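Enquirer: Contents of query.txt (compact mmCIF, C-alpha atoms):
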# COMPACT_ATOMS: atom_id res chain seq x y z
CA MET H 1 123.96 -31.48 237.02
CA SER H 2 126.58 -33.99 235.93
CA ASN H 3 126.78 -36.01 232.73
CA ARG H 4 130.04 -37.80 233.35
CA ASN H 5 128.38 -41.22 233.23
CA ILE H 6 126.07 -40.54 230.30
CA ASP H 7 126.83 -42.51 227.13
CA ILE H 8 124.16 -42.19 224.46
CA SER H 9 124.34 -43.84 221.05
CA ALA H 10 123.49 -42.08 217.81
CA LYS H 11 120.45 -44.34 217.46
CA ASP H 12 119.03 -43.01 220.73
CA THR H 13 119.06 -39.40 219.51
CA ARG H 14 118.14 -39.90 215.85
CA PHE H 15 114.69 -38.41 216.42
CA MET H 16 116.35 -35.10 217.34
CA VAL H 17 117.68 -34.56 213.81
CA GLU H 18 115.13 -36.27 211.58
CA ASN H 19 113.48 -33.01 210.55
CA TYR H 20 116.55 -30.77 210.51
CA LEU H 21 119.64 -31.59 208.42
CA PRO H 22 119.69 -35.24 209.54
CA ASP H 23 122.95 -36.33 207.88
CA ALA H 24 124.75 -33.00 207.84
CA VAL H 25 128.51 -32.94 208.37
CA TRP H 26 129.55 -30.15 210.73
CA THR H 27 132.66 -28.02 211.12
CA PHE H 28 132.97 -25.83 214.21
CA GLY H 29 135.11 -22.69 214.01
CA GLY H 30 137.09 -21.18 216.87
CA ALA H 31 139.83 -23.80 216.96
CA LEU H 32 143.30 -22.69 218.08
CA ARG H 33 141.64 -19.71 219.73
CA PHE H 34 138.80 -20.98 221.97
CA ASP H 35 140.13 -24.50 222.47
CA ARG H 36 139.16 -24.98 226.10
CA SER H 37 135.52 -24.33 225.29
CA LEU H 38 135.55 -26.03 221.91
CA LEU H 39 137.16 -29.22 223.20
CA THR H 40 134.59 -29.38 226.00
CA VAL H 41 131.71 -29.06 223.54
CA CYS H 42 133.20 -31.71 221.26
CA GLN H 43 133.73 -34.09 224.17
CA GLN H 44 130.18 -33.61 225.44
CA TYR H 45 128.59 -33.92 222.01
CA ASN H 46 130.59 -37.10 221.51
CA SER H 47 129.08 -38.45 224.73
CA ILE H 48 125.49 -37.20 224.78
CA PHE H 49 124.67 -36.13 221.21
CA PRO H 50 127.02 -37.97 218.82
CA LEU H 51 124.95 -37.12 215.73
CA ARG H 52 126.10 -33.51 216.04
CA LYS H 53 129.71 -34.18 216.92
CA PRO H 54 131.75 -32.19 214.37
CA ALA H 55 133.82 -33.98 211.77
CA ARG H 56 136.29 -31.11 211.87
CA VAL H 57 137.14 -27.93 213.72
CA ALA H 58 138.62 -24.93 211.96
CA GLY H 59 140.89 -22.06 212.90
CA ALA H 60 144.50 -20.92 212.95
CA PRO H 61 147.02 -19.32 215.30
CA ALA H 62 147.97 -15.74 214.54
CA CYS H 63 150.47 -15.65 211.70
CA LYS H 64 151.11 -13.80 208.44
CA TRP H 65 148.77 -16.17 206.60
CA SER H 66 145.81 -15.62 208.93
CA LEU H 67 143.66 -12.68 210.04
CA ASP H 68 142.22 -11.48 213.34
CA TRP H 69 138.97 -9.53 213.27
CA TYR H 70 139.47 -7.61 216.51
CA SER H 71 142.63 -7.54 218.62
CA GLU H 72 145.84 -9.00 217.25
CA ARG H 73 146.71 -12.22 219.07
CA ARG H 74 150.18 -13.39 219.98
CA PRO H 75 151.64 -16.29 217.99
CA MET H 76 150.81 -19.56 219.72
CA PRO H 77 153.77 -21.61 221.00
CA VAL H 78 154.33 -24.56 218.70
CA ALA H 79 154.17 -26.99 221.62
CA THR H 80 150.73 -25.65 222.60
CA TYR H 81 149.58 -25.83 218.99
CA THR H 82 150.72 -29.44 218.69
CA ALA H 83 148.97 -30.35 221.96
CA HIS H 84 145.69 -28.96 220.60
CA LEU H 85 146.09 -30.96 217.39
CA GLU H 86 146.56 -34.09 219.48
CA GLY H 87 143.57 -33.20 221.66
CA TYR H 88 141.23 -33.09 218.68
CA ALA H 89 142.81 -36.21 217.18
CA ALA H 90 142.02 -38.08 220.40
CA LEU H 91 138.33 -37.37 219.66
CA SER H 92 138.75 -38.46 216.00
CA ILE H 93 138.12 -34.87 214.90
CA GLY H 94 140.12 -33.35 212.08
CA VAL H 95 141.61 -29.85 212.19
CA VAL H 96 141.22 -27.48 209.26
CA LEU H 97 144.05 -24.96 209.47
CA SER H 98 142.37 -21.83 208.11
CA PHE H 99 144.78 -19.46 206.45
CA ASP H 100 142.13 -16.85 205.68
CA ASN H 101 144.39 -14.01 204.53
CA PRO H 102 143.70 -13.55 200.79
CA PHE H 103 146.51 -11.03 200.30
CA ILE H 104 149.48 -13.38 200.43
CA THR H 105 152.65 -12.27 198.65
CA ALA H 106 155.59 -14.32 197.42
CA GLU H 107 157.64 -12.92 200.30
CA THR H 108 155.23 -14.05 203.01
CA LEU H 109 155.19 -17.59 201.58
CA ASN H 110 158.58 -18.07 203.23
CA ASP H 111 157.38 -17.16 206.73
CA SER H 112 159.05 -19.76 208.98
CA TYR H 113 156.36 -19.80 211.69
CA ALA H 114 153.45 -20.29 209.28
CA ASN H 115 155.32 -23.06 207.48
CA GLU H 116 156.03 -24.78 210.78
CA LEU H 117 152.30 -24.71 211.59
CA LEU H 118 151.73 -26.42 208.27
CA ASP H 119 154.42 -29.02 208.99
CA LYS H 120 152.94 -29.92 212.38
CA LEU H 121 149.44 -30.20 210.91
CA TRP H 122 150.72 -32.88 208.54
CA GLN H 123 152.83 -34.67 211.14
CA CYS H 124 149.99 -34.82 213.71
CA ASP H 125 147.32 -36.09 211.32
CA ARG H 126 146.76 -39.39 213.12
CA VAL H 127 143.07 -39.62 212.14
CA HIS H 128 143.69 -38.60 208.50
CA ARG H 129 141.13 -35.80 208.63
CA ASN H 130 143.34 -32.73 208.82
CA ALA H 131 143.26 -30.22 205.98
CA VAL H 132 144.22 -26.66 205.17
CA CYS H 133 141.80 -23.97 203.99
CA VAL H 134 143.24 -21.00 202.11
CA ALA H 135 141.98 -17.74 200.66
CA SER H 136 144.88 -17.35 198.23
CA ASP H 137 145.57 -19.36 195.07
CA LEU H 138 149.25 -18.51 195.48
CA LEU H 139 149.33 -20.02 198.96
CA ALA H 140 147.41 -23.07 197.74
CA GLU H 141 150.09 -23.71 195.12
CA HIS H 142 152.82 -23.34 197.76
CA ILE H 143 151.13 -25.87 200.06
CA ARG H 144 150.55 -28.41 197.28
CA LYS H 145 154.26 -28.34 196.46
CA ARG H 146 155.23 -29.02 200.09
CA TYR H 147 152.51 -31.57 200.84
CA PRO H 148 150.87 -32.92 197.68
CA LYS H 149 148.60 -35.29 199.62
CA LEU H 150 147.29 -32.71 202.11
CA PRO H 151 143.70 -31.69 201.21
CA VAL H 152 143.46 -28.00 200.32
CA PHE H 153 140.10 -26.25 200.72
CA CYS H 154 139.01 -22.91 199.29
CA HIS H 155 138.10 -20.35 201.97
CA ALA H 156 135.10 -18.02 201.60
CA ASN H 157 137.49 -15.05 201.68
CA ARG H 158 138.80 -16.22 198.30
CA LEU H 159 135.32 -15.51 196.92
CA ILE H 160 134.97 -12.24 198.83
CA VAL H 161 138.02 -10.71 197.14
CA GLU H 162 137.12 -12.09 193.70
CA ARG H 163 137.00 -9.17 191.27
CA ASN H 164 134.93 -10.93 188.63
CA LYS H 165 131.24 -11.64 189.03
CA ARG H 166 130.58 -14.68 191.19
CA THR H 167 128.75 -17.24 189.10
CA THR H 168 128.06 -20.94 189.04
CA ALA H 169 130.87 -21.27 186.50
CA LEU H 170 133.32 -19.70 188.95
CA TYR H 171 132.40 -22.18 191.68
CA ASN H 172 132.72 -25.11 189.26
CA LYS H 173 136.15 -23.85 188.23
CA LEU H 174 137.27 -23.63 191.86
CA LEU H 175 135.97 -27.15 192.48
CA GLU H 176 138.45 -28.31 189.85
CA GLN H 177 141.28 -26.59 191.73
CA TYR H 178 140.38 -27.42 195.35
CA ASN H 179 139.24 -30.45 197.31
CA ARG H 180 136.40 -28.43 198.80
CA VAL H 181 135.01 -24.92 198.25
CA CYS H 182 133.27 -22.73 200.81
CA LEU H 183 130.49 -20.60 199.34
CA HIS H 184 130.39 -16.85 199.82
CA PRO H 185 127.79 -16.29 202.59
CA VAL H 186 125.75 -14.06 200.28
CA ASP H 187 125.62 -16.74 197.55
CA ALA H 188 124.49 -19.67 199.68
CA PRO H 189 120.75 -18.83 199.65
CA LYS H 190 120.70 -18.02 195.93
CA PRO H 191 119.40 -20.97 193.88
CA ALA H 192 120.41 -19.16 190.70
CA ILE H 193 124.03 -19.85 191.73
CA THR H 194 123.80 -23.04 193.79
CA ALA H 195 121.50 -25.01 191.47
CA GLY H 196 124.19 -25.40 188.82
CA ILE H 197 127.11 -26.29 191.07
CA SER H 198 128.57 -29.55 189.79
CA ALA H 199 129.57 -31.10 193.13
CA PRO H 200 127.47 -29.77 196.02
CA GLU H 201 128.78 -32.60 198.20
CA ARG H 202 132.22 -30.92 198.03
CA CYS H 203 130.95 -27.48 199.06
CA ASP H 204 130.79 -25.97 202.54
CA ILE H 205 128.04 -23.65 203.74
CA ILE H 206 128.61 -21.03 206.46
CA ILE H 207 125.40 -21.11 208.43
CA ASN H 208 125.94 -18.21 210.86
CA ASP H 209 127.58 -15.24 209.13
CA PRO H 210 126.21 -12.12 210.89
CA LEU H 211 127.22 -9.47 208.36
CA PRO H 212 124.53 -7.68 206.31
CA ARG H 213 123.54 -9.38 203.07
CA ASN H 214 123.85 -6.13 201.17
CA SER H 215 127.30 -5.19 202.50
CA ALA H 216 129.66 -3.92 199.83
CA LEU H 217 132.62 -3.44 202.16
CA ARG H 218 133.75 -7.00 202.90
CA ARG H 219 136.70 -6.84 200.50
CA GLU H 220 137.87 -3.50 201.86
CA HIS H 221 137.58 -4.84 205.40
CA LEU H 222 139.76 -7.86 204.64
CA ARG H 223 142.36 -5.58 203.07
CA LEU H 224 142.47 -3.55 206.28
CA LEU H 225 142.78 -6.68 208.43
CA ALA H 226 145.69 -7.86 206.29
CA ASP H 227 147.40 -4.46 206.64
CA ILE H 228 146.83 -4.48 210.40
CA ARG H 229 148.41 -7.94 210.64
CA LEU H 230 151.62 -6.55 209.15
CA ASP H 231 151.47 -3.25 211.08
CA PRO H 232 149.55 -3.97 214.31
CA TYR H 233 150.52 -0.74 216.11
CA ASN H 234 149.23 1.54 213.37
CA SER H 235 146.28 3.29 215.03
CA GLU H 236 145.22 4.88 211.75
CA LEU H 237 144.46 1.44 210.31
CA ALA H 238 142.44 0.51 213.39
CA ASN H 239 140.45 3.73 213.19
CA ARG H 240 139.73 3.14 209.51
CA ARG H 241 138.45 -0.33 210.32
CA ASN H 242 136.17 0.98 213.07
CA SER H 243 134.81 3.67 210.75
CA LEU H 244 134.11 1.10 208.03
CA VAL H 245 132.23 -1.21 210.39
CA THR H 246 130.20 1.68 211.79
CA ARG H 247 129.41 3.05 208.35
CA ASP H 248 128.13 -0.28 207.11
CA GLY H 249 126.09 -0.97 210.25
CA TRP H 250 127.56 -4.39 210.94
CA HIS H 251 126.81 -4.26 214.64
CA ASP H 252 123.48 -2.44 214.55
CA VAL H 253 121.04 -4.26 216.79
CA SER H 254 118.30 -1.65 217.07
CA ARG H 255 114.93 -3.33 217.34
CA ASP H 256 113.49 -0.76 214.95
CA THR H 257 115.89 -1.76 212.17
CA LEU H 258 115.76 -5.54 212.56
CA ARG H 259 114.24 -7.22 209.58
CA GLN H 260 114.04 -10.66 208.06
CA LYS H 261 117.12 -11.69 206.08
CA HIS H 262 119.08 -8.58 207.04
CA SER H 263 122.12 -10.67 207.99
CA CYS H 264 123.71 -13.65 206.28
CA ASN H 265 122.60 -15.99 209.05
CA LEU H 266 120.74 -18.69 207.17
CA THR H 267 117.13 -19.29 208.09
CA ARG H 268 115.97 -22.83 208.79
CA ALA H 269 114.13 -22.82 205.48
CA GLU H 270 117.28 -21.78 203.60
CA SER H 271 119.46 -24.38 205.35
CA THR H 272 116.89 -27.10 204.62
CA ALA H 273 116.62 -26.05 200.97
CA LEU H 274 120.41 -26.30 200.58
CA TYR H 275 120.39 -29.71 202.27
CA ASN H 276 117.66 -30.94 199.94
CA ALA H 277 119.73 -29.68 196.99
CA GLY H 278 122.59 -31.98 197.95
CA PHE H 279 124.72 -29.76 200.21
CA ARG H 280 125.71 -31.68 203.31
CA SER H 281 128.60 -29.76 204.90
CA PHE H 282 127.80 -26.84 207.23
CA ILE H 283 130.18 -24.55 209.11
CA VAL H 284 129.51 -22.75 212.39
CA GLN H 285 132.12 -20.03 211.99
CA GLY H 286 133.82 -18.33 214.93
CA ASN H 287 136.33 -15.87 213.46
CA GLN H 288 133.88 -12.94 213.60
CA PHE H 289 133.22 -13.27 217.34
CA ARG H 290 135.03 -11.54 220.16
CA ASN H 291 134.53 -14.35 222.70
CA GLU H 292 133.66 -18.02 222.89
CA MET H 293 130.24 -17.52 224.49
CA THR H 294 128.87 -16.20 221.19
CA LEU H 295 130.36 -19.19 219.40
CA LEU H 296 128.84 -21.64 221.90
CA TRP H 297 125.44 -19.99 221.52
CA ASP H 298 125.63 -20.35 217.76
CA ILE H 299 126.75 -23.98 217.98
CA PHE H 300 123.65 -24.82 219.99
CA THR H 301 121.39 -22.63 217.87
CA CYS H 302 122.64 -24.02 214.55
CA THR H 303 122.93 -27.72 215.39
CA LEU H 304 119.87 -28.30 217.59
CA ASP H 305 116.25 -28.51 216.47
CA TYR H 306 114.20 -26.10 218.58
CA SER H 307 110.83 -27.11 217.20
CA PRO H 308 108.15 -26.81 219.93
CA GLU H 309 107.93 -30.56 220.44
CA LEU H 310 111.73 -30.86 220.80
CA SER H 311 112.70 -27.57 222.40
CA ASN H 312 112.80 -29.00 225.92
CA LYS H 313 115.16 -31.77 224.81
CA ALA H 314 117.35 -29.34 222.89
CA ALA H 315 117.56 -27.17 226.01
CA LEU H 316 118.53 -30.24 228.05
CA ILE H 317 121.37 -31.05 225.66
CA ALA H 318 122.66 -27.47 225.75
CA ALA H 319 122.42 -27.31 229.55
CA SER H 320 124.16 -30.68 229.91
CA VAL H 321 127.04 -29.54 227.71
CA MET H 322 127.41 -26.25 229.58
CA SER H 323 127.38 -28.02 232.94
CA ALA H 324 130.67 -29.66 232.01
CA PHE H 325 132.39 -26.28 232.29
CA SER H 326 131.89 -26.26 236.07
CA PRO H 327 131.80 -29.89 237.25
CA GLN H 328 130.89 -30.73 240.81
CA LYS H 329 133.78 -30.68 243.26
CA ASN H 330 133.99 -32.06 246.78
CA GLU H 331 135.77 -29.01 248.13
CA LEU H 332 134.89 -25.53 249.25
CA PRO H 333 136.13 -22.63 247.14
CA SER H 334 138.83 -20.55 248.75
CA GLY H 335 140.44 -17.28 247.80
CA LEU H 336 143.70 -18.63 249.24
CA LYS H 337 144.05 -21.70 247.01
CA ASP H 338 146.70 -20.09 244.82
CA PHE H 339 148.98 -19.32 247.78
CA SER H 340 151.36 -21.68 249.57
CA PHE H 341 152.21 -21.48 253.26
CA THR H 342 155.27 -22.87 255.07
CA ASN H 343 156.83 -22.59 258.49
CA TYR H 344 159.96 -21.05 257.03
CA GLU H 345 160.80 -17.37 257.26
Could you take the file, read its structure, and then write that structure out as structure tokens?
Expert:
Amino acid sequence: MSNRNIDISAKDTRFMVENYLPDAVWTFGGALRFDRSLLTVCQQYNSIFPLRKPARVAGAPACKWSLDWYSERRPMPVATYTAHLEGYAALSIGVVLSFDNPFITAETLNDSYANELLDKLWQCDRVHRNAVCVASDLLAEHIRKRYPKLPVFCHANRLIVERNKRTTALYNKLLEQYNRVCLHPVDAPKPAITAGISAPERCDIIINDPLPRNSALRREHLRLLADIRLDPYNSELANRRNSLVTRDGWHDVSRDTLRQKHSCNLTRAESTALYNAGFRSFIVQGNQFRNEMTLLWDIFTCTLDYSPELSNKAALIAASVMSAFSPQKNELPSGLKDFSFTNYE
């Protein structure tokens, strides 16, 4: 299957979104980590399903201002980082640089690598859609001083580490401080909180958070991730993280324990209710996944309407996008292609 010559307008596919978040604005996570896959999806959506092309992608290279959920990544070369920024800009997609570490200190504000990432984000903003998303008020203040015109968003981790009770008033206060605010995944389906938010159009909703809705260990987990970032070879910290995840049952998939609304993945009814209440911005997050295949699955699951009458068309879109990962070639595969042969000794 090849879709290289397909060019479909938004008008042609409008029927695919009429009954499911028709004018939603999407942000796909996994940027600056799963870029090969994410760029392919963005390119294909732009060609065959433009109504679900993301407005932004979100992510960050490994640095003192960001966190990794599993293995600690190497810092990304600045040249590679810049090339990815340009790749998304070529598709008119903004990049949200997600500094999701909420435990920033005054000392780490001076980290040269993290500040260079910030500088390049501003310099490469050719489509004027780039932004930074932070989980620390201290870091937000630092960024505003360096780049007063760069939009600063509030990350969900800022709400996760909040010591006071999360209320509508808290969200309205944060909306005064930040350009946009991402809701805590547990709060999104609670009308008692969302109904009074003053500017739902400036809020972001994570649609696919897999952690249990009743988890009380999110804050402790983020603290461990921040400690691991600064001391990545400390096996005691890694063991404590594994014990925490096991104790809270984050990865339990036993059929006997599955139940409705166990995780923070929003149901279609919940997503639609939020949309009808004025929320328009939805995030398919990728920081909690070990590999890009899980992210790709969630992108298709969250953005496509799998109603019975449309399921075959949704499957066609997903299959067409995935086919771009292995395009047809007029050559036979060979195990010797990576070797060179000459007549010289």
Enquirer: Would you work out the distance separating CA of Ala135 in chain H from CA of Trp65 in chain H, expressed in Å to one decimal?
Expert: 9.2 Å
Enquirer: What separation in Å, quoted to one decimal, exists between CA of Cys124 in chain H and CA of Leu150 in chain H?
Expert: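 According to the coordinates, CA of Cys124 in chain H and CA of Leu150 in chain H are separated by 12.1 Å.
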Enquirer: When you look at Gly94 in chain H with a cut-off of 10 Å (counting only C-alpha atoms), what residues show up, excluding the ones that are within fewer than 2 positions of it in the same chain? I need them as a PyMOL selection string.
Expert: chain H and resi 27+54-58+85-86+88-92+96-97+121+125-131
Enquirer: My list of candidates is H:Val245, H:Leu118, H:Ala169, H:Leu39. Which is closest to Gly196 in chain H when distances are computed with all atoms listed in the file?
Expert: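 Looking at the shortest contact to Gly196 in chain H, the residue is H:Ala169.
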Enquirer: Report the distance between CA of Arg218 in chain H and CA of Asp187 in chain H in Å, rounded to one decimal place.
Expert: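 We find that CA of Arg218 in chain H and CA of Asp187 in chain H lie 13.8 Å from each other.
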Enquirer: From the set H:Arg33, H:Arg229, H:Arg202, H:Lys149, which residue has the shortest atom-to-atom contact distance to Glu176 in chain H, counting all atoms listed in the file?
Expert: H:Arg202
Enquirer: Taking all atoms listed in the file into account, name the residue in H:Asn287, H:Asn208, H:Thr272, H:Asn101 that is nearest to Leu139 in chain H.
Expert: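 For Leu139 in chain H, the nearest of the given residues is H:Asn101.
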Enquirer: List the neighbours of Ser307 in chain H out to 12 Å using only C-alpha atoms; skip same-chain residues closer than 6 positions along the sequence, and give me the result as a PyMOL selection string.
Expert: chain H and resi 15-20+268+301+313-315
Enquirer: When you look at Leu21 in chain H with a cut-off of 12 Å (counting all atoms listed in the file), what residues show up, excluding the ones that are within fewer than 5 positions of it in the same chain? I need them as a list of chain:residue names.
Expert: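 Final neighbour list, sorted by chain and number: H:Arg14, H:Phe15, H:Met16, H:Trp26, H:Leu51, H:Arg52, H:Ile207, H:Arg268, H:Ala269, H:Glu270, H:Ser271, H:Thr272, H:Ala273, H:Leu274, H:Tyr275, H:Asn276, H:Ala277, H:Gly278, H:Phe279, H:Arg280, H:Ser281, H:Phe282, H:Cys302, H:Thr303, H:Leu304, H:Asp305.
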Enquirer: May I have the residues within 10 Å of Asp227 in chain H as a PyMOL selection string, using all atoms listed in the file and disregarding those fewer than 3 positions away in the same chain?
Expert: chain H and resi 67+103+221-224+230-232+234+237-238
Enquirer: The residues within 10 Å of (134.4, -25.2, 218.7), using all atoms listed in the file and the coordinates of the file, should be reported as a ChimeraX atom specification; which are they?
Expert: /H:27-42,54,56-59,284-286,292,295-296,299
Enquirer: Identify which of the residues H:Val321, H:Ala62, H:Val134, H:Ile193 lies closest to Pro151 in chain H, counting only C-alpha atoms when measuring atom-to-atom distances.
Expert: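 For Pro151 in chain H, the nearest of the given residues is H:Val134.
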Enquirer: Taking all heavy atoms as the atom set, what does range 189-199 of chain H look like once completed, written as a PDB file, in the frame of the given file?
Expert:
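Written file, result.pdb:
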ATOM      1  N   PRO H 189     122.202 -18.713 199.814  1.00  0.00           N
ATOM      2  CA  PRO H 189     120.750 -18.830 199.650  1.00  0.00           C
ATOM      3  C   PRO H 189     120.231 -18.445 198.273  1.00  0.00           C
ATOM      4  O   PRO H 189     119.042 -18.185 198.116  1.00  0.00           O
ATOM      5  CB  PRO H 189     120.216 -17.872 200.721  1.00  0.00           C
ATOM      6  CG  PRO H 189     121.251 -16.822 200.856  1.00  0.00           C
ATOM      7  CD  PRO H 189     122.571 -17.466 200.524  1.00  0.00           C
ATOM      8  N   LYS H 190     121.106 -18.420 197.273  1.00  0.00           N
ATOM      9  CA  LYS H 190     120.700 -18.020 195.930  1.00  0.00           C
ATOM     10  C   LYS H 190     120.664 -19.237 195.002  1.00  0.00           C
ATOM     11  O   LYS H 190     121.703 -19.674 194.468  1.00  0.00           O
ATOM     12  CB  LYS H 190     121.673 -16.981 195.365  1.00  0.00           C
ATOM     13  CG  LYS H 190     121.645 -15.644 196.087  1.00  0.00           C
ATOM     14  CD  LYS H 190     122.617 -14.658 195.439  1.00  0.00           C
ATOM     15  CE  LYS H 190     122.558 -13.292 196.107  1.00  0.00           C
ATOM     16  NZ  LYS H 190     123.504 -12.319 195.482  1.00  0.00           N
ATOM     17  N   PRO H 191     119.486 -19.806 194.762  1.00  0.00           N
ATOM     18  CA  PRO H 191     119.400 -20.970 193.880  1.00  0.00           C
ATOM     19  C   PRO H 191     119.932 -20.715 192.485  1.00  0.00           C
ATOM     20  O   PRO H 191     120.395 -21.650 191.821  1.00  0.00           O
ATOM     21  CB  PRO H 191     117.887 -21.267 193.857  1.00  0.00           C
ATOM     22  CG  PRO H 191     117.347 -20.656 195.105  1.00  0.00           C
ATOM     23  CD  PRO H 191     118.189 -19.447 195.353  1.00  0.00           C
ATOM     24  N   ALA H 192     119.900 -19.469 192.031  1.00  0.00           N
ATOM     25  CA  ALA H 192     120.410 -19.160 190.700  1.00  0.00           C
ATOM     26  C   ALA H 192     121.889 -19.502 190.586  1.00  0.00           C
ATOM     27  O   ALA H 192     122.384 -19.790 189.490  1.00  0.00           O
ATOM     28  CB  ALA H 192     120.201 -17.675 190.392  1.00  0.00           C
ATOM     29  N   ILE H 193     122.607 -19.477 191.713  1.00  0.00           N
ATOM     30  CA  ILE H 193     124.030 -19.850 191.730  1.00  0.00           C
ATOM     31  C   ILE H 193     124.205 -21.299 192.148  1.00  0.00           C
ATOM     32  O   ILE H 193     124.925 -22.072 191.508  1.00  0.00           O
ATOM     33  CB  ILE H 193     124.818 -18.921 192.669  1.00  0.00           C
ATOM     34  CG1 ILE H 193     124.877 -17.502 192.091  1.00  0.00           C
ATOM     35  CG2 ILE H 193     126.235 -19.451 192.900  1.00  0.00           C
ATOM     36  CD1 ILE H 193     125.619 -16.510 192.950  1.00  0.00           C
ATOM     37  N   THR H 194     123.546 -21.713 193.216  1.00  0.00           N
ATOM     38  CA  THR H 194     123.800 -23.040 193.790  1.00  0.00           C
ATOM     39  C   THR H 194     123.232 -24.180 192.959  1.00  0.00           C
ATOM     40  O   THR H 194     123.765 -25.290 192.982  1.00  0.00           O
ATOM     41  CB  THR H 194     123.225 -23.117 195.219  1.00  0.00           C
ATOM     42  OG1 THR H 194     121.804 -22.873 195.182  1.00  0.00           O
ATOM     43  CG2 THR H 194     123.875 -22.076 196.123  1.00  0.00           C
ATOM     44  N   ALA H 195     122.162 -23.926 192.207  1.00  0.00           N
ATOM     45  CA  ALA H 195     121.500 -25.010 191.470  1.00  0.00           C
ATOM     46  C   ALA H 195     122.403 -25.642 190.425  1.00  0.00           C
ATOM     47  O   ALA H 195     122.274 -26.830 190.110  1.00  0.00           O
ATOM     48  CB  ALA H 195     120.211 -24.503 190.826  1.00  0.00           C
ATOM     49  N   GLY H 196     123.332 -24.876 189.871  1.00  0.00           N
ATOM     50  CA  GLY H 196     124.190 -25.400 188.820  1.00  0.00           C
ATOM     51  C   GLY H 196     125.547 -25.869 189.281  1.00  0.00           C
ATOM     52  O   GLY H 196     126.386 -26.252 188.447  1.00  0.00           O
ATOM     53  N   ILE H 197     125.803 -25.855 190.571  1.00  0.00           N
ATOM     54  CA  ILE H 197     127.110 -26.290 191.070  1.00  0.00           C
ATOM     55  C   ILE H 197     127.262 -27.789 190.842  1.00  0.00           C
ATOM     56  O   ILE H 197     126.383 -28.584 191.187  1.00  0.00           O
ATOM     57  CB  ILE H 197     127.260 -25.922 192.562  1.00  0.00           C
ATOM     58  CG1 ILE H 197     127.417 -24.403 192.695  1.00  0.00           C
ATOM     59  CG2 ILE H 197     128.456 -26.638 193.180  1.00  0.00           C
ATOM     60  CD1 ILE H 197     127.553 -23.909 194.116  1.00  0.00           C
ATOM     61  N   SER H 198     128.391 -28.172 190.258  1.00  0.00           N
ATOM     62  CA  SER H 198     128.570 -29.550 189.790  1.00  0.00           C
ATOM     63  C   SER H 198     128.741 -30.568 190.906  1.00  0.00           C
ATOM     64  O   SER H 198     128.379 -31.736 190.740  1.00  0.00           O
ATOM     65  CB  SER H 198     129.786 -29.612 188.858  1.00  0.00           C
ATOM     66  OG  SER H 198     130.964 -29.180 189.537  1.00  0.00           O
ATOM     67  N   ALA H 199     129.296 -30.147 192.045  1.00  0.00           N
ATOM     68  CA  ALA H 199     129.570 -31.100 193.130  1.00  0.00           C
ATOM     69  C   ALA H 199     129.179 -30.496 194.467  1.00  0.00           C
ATOM     70  O   ALA H 199     130.047 -30.120 195.265  1.00  0.00           O
ATOM     71  CB  ALA H 199     131.044 -31.508 193.120  1.00  0.00           C
TER      72      ALA H 199
END
